[in-house]
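K.L.:
Coordinates in entry27.cif, mmCIF, C-alpha atoms (C1' of nucleotides), are listed below.
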```
data_input
loop_
_atom_site.label_atom_id
_atom_site.label_comp_id
_atom_site.auth_asym_id
_atom_site.auth_seq_id
_atom_site.Cartn_x
_atom_site.Cartn_y
_atom_site.Cartn_z
CA MET Y 12 135.10 70.92 60.99
CA ALA Y 13 137.68 69.51 58.69
CA LYS Y 14 140.03 72.34 59.46
CA LYS Y 15 143.02 70.35 58.34
CA GLU Y 16 142.89 72.14 55.02
CA LEU Y 17 143.80 75.39 56.70
CA PHE Y 18 147.34 74.23 57.28
CA ASP Y 19 150.33 74.14 54.95
CA LYS Y 20 150.04 71.58 52.20
CA GLU Y 21 153.40 70.22 53.31
CA LEU Y 22 152.30 69.82 56.89
CA GLN Y 23 149.15 68.10 55.75
CA GLN Y 24 151.10 65.65 53.67
CA LEU Y 25 153.55 64.91 56.42
CA ALA Y 26 150.74 64.45 58.90
CA ALA Y 27 149.05 62.05 56.50
CA LEU Y 28 152.18 59.90 56.46
CA PHE Y 29 152.36 59.83 60.23
CA LYS Y 30 148.71 59.05 60.44
CA ALA Y 31 149.00 56.14 58.06
CA LEU Y 32 151.54 54.60 60.41
CA GLY Y 33 149.46 55.50 63.43
CA HIS Y 34 147.64 52.21 63.82
CA PRO Y 35 149.15 48.94 65.06
CA ALA Y 36 147.29 46.96 62.43
CA ARG Y 37 148.95 48.88 59.64
CA LEU Y 38 152.37 48.52 61.23
CA ALA Y 39 151.69 44.82 61.62
CA VAL Y 40 150.80 44.60 57.95
CA MET Y 41 154.06 46.31 57.06
CA ASN Y 42 155.92 43.93 59.32
CA HIS Y 43 154.29 40.94 57.71
CA LEU Y 44 155.09 42.14 54.23
CA ALA Y 45 158.67 42.72 55.32
CA GLU Y 46 159.00 39.21 56.76
CA THR Y 47 157.57 37.33 53.85
CA LYS Y 48 159.91 39.09 51.51
CA VAL Y 49 158.22 37.21 48.74
CA CYS Y 50 155.15 39.29 48.56
CA ILE Y 51 152.21 37.35 49.80
CA THR Y 52 148.56 37.88 49.09
CA GLY Y 53 145.80 38.91 51.39
CA ASP Y 54 146.17 35.90 53.63
CA ILE Y 55 147.76 38.55 55.76
CA SER Y 56 144.42 38.52 57.48
CA ASP Y 57 145.05 34.99 58.70
CA ARG Y 58 147.94 36.31 60.73
CA LEU Y 59 146.21 39.25 62.32
CA PRO Y 60 143.34 39.41 64.78
CA LEU Y 61 141.11 41.31 62.42
CA SER Y 62 138.63 40.34 59.79
CA ARG Y 63 139.56 40.13 56.16
CA THR Y 64 137.51 43.18 55.27
CA THR Y 65 139.11 45.30 57.94
CA ILE Y 66 142.58 44.30 56.82
CA ASN Y 67 141.62 45.13 53.28
CA GLN Y 68 140.61 48.55 54.44
CA HIS Y 69 143.98 49.09 56.10
CA LEU Y 70 145.74 47.81 53.00
CA ARG Y 71 143.90 50.34 50.91
CA GLU Y 72 145.00 53.14 53.20
CA LEU Y 73 148.61 52.11 52.90
CA LYS Y 74 148.22 51.74 49.17
CA ASP Y 75 146.68 55.20 48.87
CA LEU Y 76 149.91 56.62 50.24
CA ASN Y 77 151.98 54.36 48.03
CA LEU Y 78 153.67 52.72 50.99
CA ILE Y 79 152.73 49.34 49.62
CA ARG Y 80 151.87 48.03 46.21
CA GLY Y 81 149.39 45.44 45.09
CA GLU Y 82 149.97 43.55 41.90
CA ILE Y 83 147.19 41.48 40.45
CA ASP Y 84 148.17 37.88 39.87
CA GLY Y 85 145.21 36.07 38.51
CA ALA Y 86 142.55 35.81 41.15
CA ARG Y 87 144.97 36.97 43.81
CA VAL Y 88 146.77 40.16 44.62
CA ASN Y 89 150.37 40.20 45.66
CA TYR Y 90 151.14 42.91 48.09
CA CYS Y 91 154.58 44.18 48.93
CA LEU Y 92 156.33 47.09 50.50
CA ASN Y 93 157.14 49.93 48.19
CA THR Y 94 160.66 50.23 49.47
CA ASP Y 95 161.59 53.26 47.39
CA VAL Y 96 158.67 55.28 48.66
CA ILE Y 97 159.27 54.12 52.21
CA GLN Y 98 162.90 55.11 52.07
CA ASP Y 99 161.84 58.45 50.71
CA MET Y 100 159.39 58.84 53.54
CA VAL Y 101 161.97 57.98 56.16
CA GLU Y 102 164.16 60.72 54.79
CA GLN Y 103 161.31 63.18 54.96
CA LEU Y 104 160.55 62.20 58.52
CA ASN Y 105 164.16 62.51 59.56
CA LYS Y 106 164.46 65.86 57.87
CA TYR Y 107 161.42 67.04 59.75
CA PHE Y 108 162.82 65.94 63.07
CA GLN Y 109 166.12 67.58 62.30
CA GLU Y 110 164.31 70.79 61.59
CA ILE Y 111 162.27 70.86 64.75
CA ASN Y 112 164.74 69.35 67.10
CA CYS Y 113 168.06 70.82 66.19
CA CYS Y 114 167.18 74.19 64.75
CA GLY Y 115 169.10 76.88 66.55
CA THR Y 116 172.49 76.14 67.99
CA ASN Y 117 171.10 75.31 71.39
CA ASN Y 118 168.05 73.31 72.21
CA LYS Y 119 166.59 75.44 74.92
CA GLN Y 120 164.14 73.70 77.14
CA CYS Y 121 161.87 74.98 79.80
CA MET Z 30 135.91 47.46 68.69
CA ALA Z 31 139.10 48.71 70.24
CA LYS Z 32 141.10 45.82 68.87
CA LYS Z 33 144.31 47.73 69.13
CA GLU Z 34 145.09 45.93 72.35
CA LEU Z 35 145.42 42.67 70.50
CA PHE Z 36 148.69 43.75 68.96
CA ASP Z 37 152.21 43.77 70.33
CA LYS Z 38 152.76 46.30 73.06
CA GLU Z 39 155.70 47.63 71.10
CA LEU Z 40 153.68 48.07 67.96
CA GLN Z 41 150.99 49.81 69.92
CA GLN Z 42 153.45 52.21 71.43
CA LEU Z 43 155.11 53.01 68.14
CA ALA Z 44 151.75 53.48 66.47
CA ALA Z 45 150.72 55.83 69.27
CA LEU Z 46 153.75 58.00 68.61
CA PHE Z 47 153.02 58.13 64.92
CA LYS Z 48 149.41 58.90 65.58
CA ALA Z 49 150.29 61.79 67.84
CA LEU Z 50 152.05 63.43 64.91
CA GLY Z 51 149.32 62.47 62.51
CA HIS Z 52 147.52 65.77 62.57
CA PRO Z 53 148.70 69.00 60.94
CA ALA Z 54 147.70 71.04 63.97
CA ARG Z 55 150.00 69.04 66.21
CA LEU Z 56 152.85 69.29 63.72
CA ALA Z 57 152.23 73.02 63.55
CA VAL Z 58 152.42 73.19 67.34
CA MET Z 59 155.70 71.32 67.29
CA ASN Z 60 157.01 73.65 64.61
CA HIS Z 61 156.00 76.68 66.59
CA LEU Z 62 157.68 75.39 69.72
CA ALA Z 63 160.79 74.66 67.69
CA GLU Z 64 160.89 78.15 66.21
CA THR Z 65 160.37 80.09 69.38
CA LYS Z 66 163.18 78.23 71.01
CA VAL Z 67 162.38 80.14 74.13
CA CYS Z 68 159.35 78.19 75.09
CA ILE Z 69 156.28 80.33 74.77
CA THR Z 70 152.93 79.93 76.45
CA GLY Z 71 149.62 79.00 74.94
CA ASP Z 72 149.50 82.04 72.71
CA ILE Z 73 150.34 79.34 70.23
CA SER Z 74 146.65 79.49 69.51
CA ASP Z 75 147.02 83.01 68.16
CA ARG Z 76 149.19 81.59 65.43
CA LEU Z 77 146.97 78.76 64.39
CA PRO Z 78 143.52 78.72 62.81
CA LEU Z 79 141.95 76.87 65.70
CA SER Z 80 140.34 77.91 68.92
CA ARG Z 81 142.23 78.06 72.18
CA THR Z 82 140.42 75.05 73.58
CA THR Z 83 141.14 72.94 70.55
CA ILE Z 84 144.81 73.80 70.68
CA ASN Z 85 144.84 72.95 74.35
CA GLN Z 86 143.45 69.56 73.50
CA HIS Z 87 146.19 68.96 70.96
CA LEU Z 88 148.78 70.12 73.46
CA ARG Z 89 147.49 67.63 75.97
CA GLU Z 90 147.82 64.83 73.46
CA LEU Z 91 151.41 65.73 72.74
CA LYS Z 92 152.07 66.05 76.44
CA ASP Z 93 150.52 62.65 77.15
CA LEU Z 94 153.19 61.11 74.94
CA ASN Z 95 155.88 63.28 76.47
CA LEU Z 96 156.77 64.86 73.18
CA ILE Z 97 156.37 68.26 74.78
CA ARG Z 98 156.53 69.57 78.30
CA GLY Z 99 154.58 72.28 80.05
CA GLU Z 100 156.06 74.13 82.95
CA ILE Z 101 153.86 76.31 85.10
CA ASP Z 102 155.10 79.88 85.37
CA GLY Z 103 152.68 81.82 87.50
CA ALA Z 104 149.39 82.11 85.67
CA ARG Z 105 150.96 80.88 82.46
CA VAL Z 106 152.39 77.66 81.19
CA ASN Z 107 155.59 77.49 79.23
CA TYR Z 108 155.55 74.75 76.69
CA CYS Z 109 158.56 73.33 74.96
CA LEU Z 110 159.71 70.36 72.96
CA ASN Z 111 160.97 67.46 74.96
CA THR Z 112 164.04 67.01 72.82
CA ASP Z 113 165.29 63.90 74.58
CA VAL Z 114 162.07 62.03 74.08
CA ILE Z 115 161.84 63.21 70.49
CA GLN Z 116 165.34 62.04 69.76
CA ASP Z 117 164.42 58.74 71.32
CA MET Z 118 161.44 58.50 69.07
CA VAL Z 119 163.56 59.22 66.01
CA GLU Z 120 165.80 56.35 66.96
CA GLN Z 121 162.86 54.01 67.45
CA LEU Z 122 161.43 55.08 64.16
CA ASN Z 123 164.63 54.50 62.27
CA LYS Z 124 165.16 51.14 63.88
CA TYR Z 125 161.69 50.11 62.86
CA PHE Z 126 162.18 51.11 59.26
CA GLN Z 127 165.54 49.45 59.11
CA GLU Z 128 163.88 46.29 60.27
CA ILE Z 129 161.06 46.32 57.79
CA ASN Z 130 162.84 47.76 54.84
CA CYS Z 131 166.20 46.17 54.83
CA CYS Z 132 165.61 42.81 56.45
CA GLY Z 133 166.87 40.11 54.19
CA THR Z 134 169.76 40.78 51.86
CA ASN Z 135 167.54 41.65 48.96
CA ASN Z 136 164.47 43.78 48.97
CA LYS Z 137 162.24 41.74 46.79
CA GLN Z 138 159.35 43.61 45.32
CA CYS Z 139 156.39 42.41 43.35
"C1'" DA V 25 129.86 25.26 32.21
"C1'" DA V 26 129.49 25.02 37.32
"C1'" DA V 27 131.60 25.29 41.69
"C1'" DA V 28 134.91 27.11 44.42
"C1'" DT V 29 138.22 31.00 45.61
"C1'" DA V 30 139.96 35.52 46.10
"C1'" DT V 31 139.35 40.08 46.28
"C1'" DA V 32 137.08 44.64 45.89
"C1'" DA V 33 132.85 47.41 46.60
"C1'" DC V 34 129.14 48.81 49.38
"C1'" DG V 35 126.67 49.73 53.42
"C1'" DT V 36 126.59 50.42 58.30
"C1'" DA V 37 127.15 50.29 63.45
"C1'" DT V 38 130.31 51.71 66.96
"C1'" DT V 39 134.08 54.20 68.64
"C1'" DT V 40 137.33 57.76 68.48
"C1'" DT V 41 138.88 62.23 67.10
"C1'" DT V 42 138.19 66.88 66.25
"C1'" DA V 43 136.49 71.30 67.39
"C1'" DC V 44 134.43 74.42 70.30
"C1'" DG V 45 131.84 76.94 74.09
"C1'" DT V 46 131.24 77.57 78.90
"C1'" DC V 47 132.46 77.33 83.49
"C1'" DA V 48 135.98 76.82 87.33
"C1'" DT V 49 140.38 77.90 89.31
"C1'" DG V 50 144.39 80.23 90.30
"C1'" DA V 51 147.65 84.26 89.44
"C1'" DT V 52 148.46 89.35 88.23
"C1'" DT V 53 147.33 93.71 87.94
"C1'" DT V 54 144.90 97.71 89.48
"C1'" DA N 14 139.92 93.22 97.51
"C1'" DA N 15 138.16 93.50 92.70
"C1'" DA N 16 138.95 93.05 88.06
"C1'" DT N 17 141.48 90.83 84.65
"C1'" DC N 18 143.90 87.28 82.46
"C1'" DA N 19 145.55 82.48 81.54
"C1'" DT N 20 144.76 78.03 81.71
"C1'" DG N 21 142.50 73.52 82.71
"C1'" DA N 22 138.19 70.82 83.23
"C1'" DC N 23 133.83 69.53 81.53
"C1'" DG N 24 130.30 68.74 78.27
"C1'" DT N 25 128.89 68.11 73.60
"C1'" DA N 26 128.05 68.23 68.49
"C1'" DA N 27 129.91 66.83 64.22
"C1'" DA N 28 133.17 64.29 61.58
"C1'" DA N 29 136.34 60.61 60.77
"C1'" DA N 30 138.22 56.11 61.69
"C1'" DT N 31 137.56 51.41 62.81
"C1'" DA N 32 135.53 46.99 62.27
"C1'" DC N 33 132.70 43.92 59.98
"C1'" DG N 34 129.00 41.49 57.14
"C1'" DT N 35 127.09 40.99 52.72
"C1'" DT N 36 127.10 41.32 47.96
"C1'" DA N 37 129.38 41.71 43.40
"C1'" DT N 38 133.04 40.48 40.21
"C1'" DA N 39 136.54 38.11 38.28
"C1'" DT N 40 139.60 33.78 38.15
"C1'" DT N 41 140.79 29.13 38.83
"C1'" DT N 42 139.56 24.52 39.39
"C1'" DT N 43 136.66 20.64 38.58
#
```
Please express what this file holds, its structure, as structure tokens.
P.N.:
Amino acid sequence: MAKKELFDKELQQLAALFKALGHPARLAVMNHLAETKVCITGDISDRLPLSRTTINQHLRELKDLNLIRGEIDGARVNYCLNTDVIQDMVEQLNKYFQEINCCGTNNKQC
Amino acid sequence: MAKKELFDKELQQLAALFKALGHPARLAVMNHLAETKVCITGDISDRLPLSRTTINQHLRELKDLNLIRGEIDGARVNYCLNTDVIQDMVEQLNKYFQEINCCGTNNKQC
DNA sequence: AAAATATAACGTATTTTTACGTCATGATTT
DNA sequence: AAATCATGACGTAAAAATACGTTATATTTT
């Protein structure tokens, strides 16, 4: 298996972004970080119906794609949205949809 | 497991959309359908490095979320992008990111 | 210095996704 | 009508994602 590698690097990367957002827990984390504009530590888990370890796992996934950042503050870690990267991503996503949806003068359907 | 249900219905739905696009094969399918504006049948599989059955599975997933449509034409099925639904999704997506990224006058970061 | 906190690291069970082959069904062609 | 072709349905093996408990590590607090 693991045939993902057979596709365009670009497609893989784009798919990875979509996938990262493809779980309600991760969207909820993003939401929470957006609400508490002042970037709050991992007590995110108190707000969500998942264990601390699971949330940590989701945080790591988001961090791997640079969608959020974690800054060490003593014993704690302050997480926050990486707004620049997110904005960049939104542009990428929109560009993609423009390409697939509007290419050609007419959107023929079956 | 299966704790997804514990989250907002809206979040779940949005996450489902993202997830559907979270695999390079499905993005490749979308691309192919976009290129061949005239909606072509399942010979999509000839273009991709996956078996016919696997592609069919991916097609079904996209169809389940209404991102594509399949119209029976004799022994064949003509697939095409469901541009309305896709456009709808783009709007949802942008609304979501506006909410999380720009809420509050200042985007505080850590 | 010891106790208490906060987080990451590790290991692991369960579920879901991915990938495919085979068979069944219905349409076209011969 | 038989052969062929296209697709969907079903079953299944392997891989990845999800969810969590326990342990390790580092930092405050006492």
K.L.:
Could you check which of N:DT41, N:DT25, N:DT17, N:DT35 is closest to chain Y, using all atoms listed in the file?
P.N.:
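Using all atoms listed in the file, chain Y sits closest to N:DT41.
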K.L.:
Between V:DT49, V:DT29, V:DA43, V:DT54, which is the closest to chain Z once you count all atoms listed in the file?
P.N.:
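Of V:DT49, V:DT29, V:DA43, V:DT54, the one nearest chain Z, counting all atoms listed in the file, is V:DA43.
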K.L.:
How many Å separate CA of Met100 (chain Y) from CA of Asn77 (chain Y)?
P.N.:
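Interatomic distance, CA of Met100 (chain Y) to CA of Asn77 (chain Y): 10.3 Å.
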K.L.:
Between Z:Ile129, Z:Cys139, Z:Ala49, Z:Ala104, single out the one closest to DA51 (chain V), counting only C-alpha atoms (C1' of nucleotides).
P.N.:
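With only C-alpha atoms (C1' of nucleotides) as the atom set, the closest residue is Z:Ala104.
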K.L.:
Residues of chain Y within 8 Å of chain Z, using only C-alpha atoms, as a JSON list (two decimals) with C-alpha atoms, in the frame of the given file?
P.N.:
```json
[["chain", "number", "residue", "atom", "x", "y", "z"],
["Y", 14, "LYS", "CA", 140.03, 72.34, 59.46],
["Y", 15, "LYS", "CA", 143.02, 70.35, 58.34],
["Y", 17, "LEU", "CA", 143.80, 75.39, 56.70],
["Y", 18, "PHE", "CA", 147.34, 74.23, 57.28],
["Y", 22, "LEU", "CA", 152.30, 69.82, 56.89],
["Y", 23, "GLN", "CA", 149.15, 68.10, 55.75],
["Y", 25, "LEU", "CA", 153.55, 64.91, 56.42],
["Y", 26, "ALA", "CA", 150.74, 64.45, 58.90],
["Y", 27, "ALA", "CA", 149.05, 62.05, 56.50],
["Y", 28, "LEU", "CA", 152.18, 59.90, 56.46],
["Y", 29, "PHE", "CA", 152.36, 59.83, 60.23],
["Y", 30, "LYS", "CA", 148.71, 59.05, 60.44],
["Y", 31, "ALA", "CA", 149.00, 56.14, 58.06],
["Y", 32, "LEU", "CA", 151.54, 54.60, 60.41],
["Y", 33, "GLY", "CA", 149.46, 55.50, 63.43],
["Y", 34, "HIS", "CA", 147.64, 52.21, 63.82],
["Y", 35, "PRO", "CA", 149.15, 48.94, 65.06],
["Y", 36, "ALA", "CA", 147.29, 46.96, 62.43],
["Y", 38, "LEU", "CA", 152.37, 48.52, 61.23],
["Y", 39, "ALA", "CA", 151.69, 44.82, 61.62],
["Y", 41, "MET", "CA", 154.06, 46.31, 57.06],
["Y", 42, "ASN", "CA", 155.92, 43.93, 59.32],
["Y", 45, "ALA", "CA", 158.67, 42.72, 55.32],
["Y", 46, "GLU", "CA", 159.00, 39.21, 56.76],
["Y", 48, "LYS", "CA", 159.91, 39.09, 51.51],
["Y", 49, "VAL", "CA", 158.22, 37.21, 48.74],
["Y", 50, "CYS", "CA", 155.15, 39.29, 48.56],
["Y", 60, "PRO", "CA", 143.34, 39.41, 64.78],
["Y", 61, "LEU", "CA", 141.11, 41.31, 62.42],
["Y", 80, "ARG", "CA", 151.87, 48.03, 46.21],
["Y", 81, "GLY", "CA", 149.39, 45.44, 45.09],
["Y", 82, "GLU", "CA", 149.97, 43.55, 41.90],
["Y", 89, "ASN", "CA", 150.37, 40.20, 45.66],
["Y", 90, "TYR", "CA", 151.14, 42.91, 48.09],
["Y", 91, "CYS", "CA", 154.58, 44.18, 48.93],
["Y", 92, "LEU", "CA", 156.33, 47.09, 50.50],
["Y", 93, "ASN", "CA", 157.14, 49.93, 48.19],
["Y", 94, "THR", "CA", 160.66, 50.23, 49.47],
["Y", 97, "ILE", "CA", 159.27, 54.12, 52.21],
["Y", 98, "GLN", "CA", 162.90, 55.11, 52.07],
["Y", 101, "VAL", "CA", 161.97, 57.98, 56.16],
["Y", 105, "ASN", "CA", 164.16, 62.51, 59.56],
["Y", 108, "PHE", "CA", 162.82, 65.94, 63.07],
["Y", 111, "ILE", "CA", 162.27, 70.86, 64.75],
["Y", 112, "ASN", "CA", 164.74, 69.35, 67.10],
["Y", 114, "CYS", "CA", 167.18, 74.19, 64.75],
["Y", 115, "GLY", "CA", 169.10, 76.88, 66.55],
["Y", 118, "ASN", "CA", 168.05, 73.31, 72.21],
["Y", 119, "LYS", "CA", 166.59, 75.44, 74.92],
["Y", 120, "GLN", "CA", 164.14, 73.70, 77.14],
["Y", 121, "CYS", "CA", 161.87, 74.98, 79.80]]
```
K.L.:
Under the PyMOL selection byres ((chain N) within 9 of (chain Y)), which residues of this model are included? Write them out as a list in words.
P.N.:
DA27, DA28, DT31, DA32, DC33, DG34, DA39, DT40 and DT41 of chain N
K.L.:
Expressed in Å to a single decimal, how great is the separation between CA of Asp75 (chain Y) and CA of Val40 (chain Y)?
P.N.:
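Calculated distance between CA of Asp75 (chain Y) and CA of Val40 (chain Y) is 14.6 Å.
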K.L.:
Given the file shown, determine the residues that the PyMOL selection byres ((chain V and resi 27) around 12) selects; report them as a PyMOL selection string.
P.N.:
(chain V and resi 25-26+28-29) or (chain N and resi 41-43)
K.L.:
Produce a table with one row for each residue of chain V that has an atom at most 12 Å from any atom of chain Y, each row naming the nearest atom pair and its distance in Å at one decimal; use only C-alpha atoms (C1' of nucleotides); arrange rows by chain and rising residue number; format as a Markdown table.
P.N.:
```
| residue | atom | partner | partner_atom | distance |
| --- | --- | --- | --- | --- |
| V:DT29 | C1' | Y:Ala86 | CA | 7.9 |
| V:DA30 | C1' | Y:Ala86 | CA | 5.6 |
| V:DT31 | C1' | Y:Arg87 | CA | 6.9 |
| V:DA32 | C1' | Y:Asn67 | CA | 8.7 |
| V:DA33 | C1' | Y:Thr64 | CA | 10.7 |
| V:DC34 | C1' | Y:Thr64 | CA | 11.7 |
| V:DT41 | C1' | Y:Ala13 | CA | 11.2 |
| V:DT42 | C1' | Y:Met12 | CA | 7.3 |
| V:DA43 | C1' | Y:Met12 | CA | 6.6 |
| V:DC44 | C1' | Y:Met12 | CA | 10.0 |
```
K.L.:
Between C1' of DA16 (chain N) and CA of Ile73 (chain Z), what is the distance in Å, rounded to a tenth?
P.N.:
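Between C1' of DA16 (chain N) and CA of Ile73 (chain Z) the gap is 25.2 Å.
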K.L.:
Where's the centre, and what are the edge lengths in Å to one decimal, of a box along x, y and z enclosing all listed atoms of region 20-35 of chain Y padded 8 Å per side, as JSON?
P.N.:
```
{"center_x": 150.6, "center_y": 60.3, "center_z": 58.6, "size_x": 21.9, "size_y": 38.6, "size_z": 28.9}
```
K.L.:
For DA48 (chain V), find every residue with an atom within 10 Å (counting only C-alpha atoms (C1' of nucleotides)), except residues of its own chain fewer than 3 positions away, and show them as a ChimeraX atom specification.
P.N.:
/N:21-23
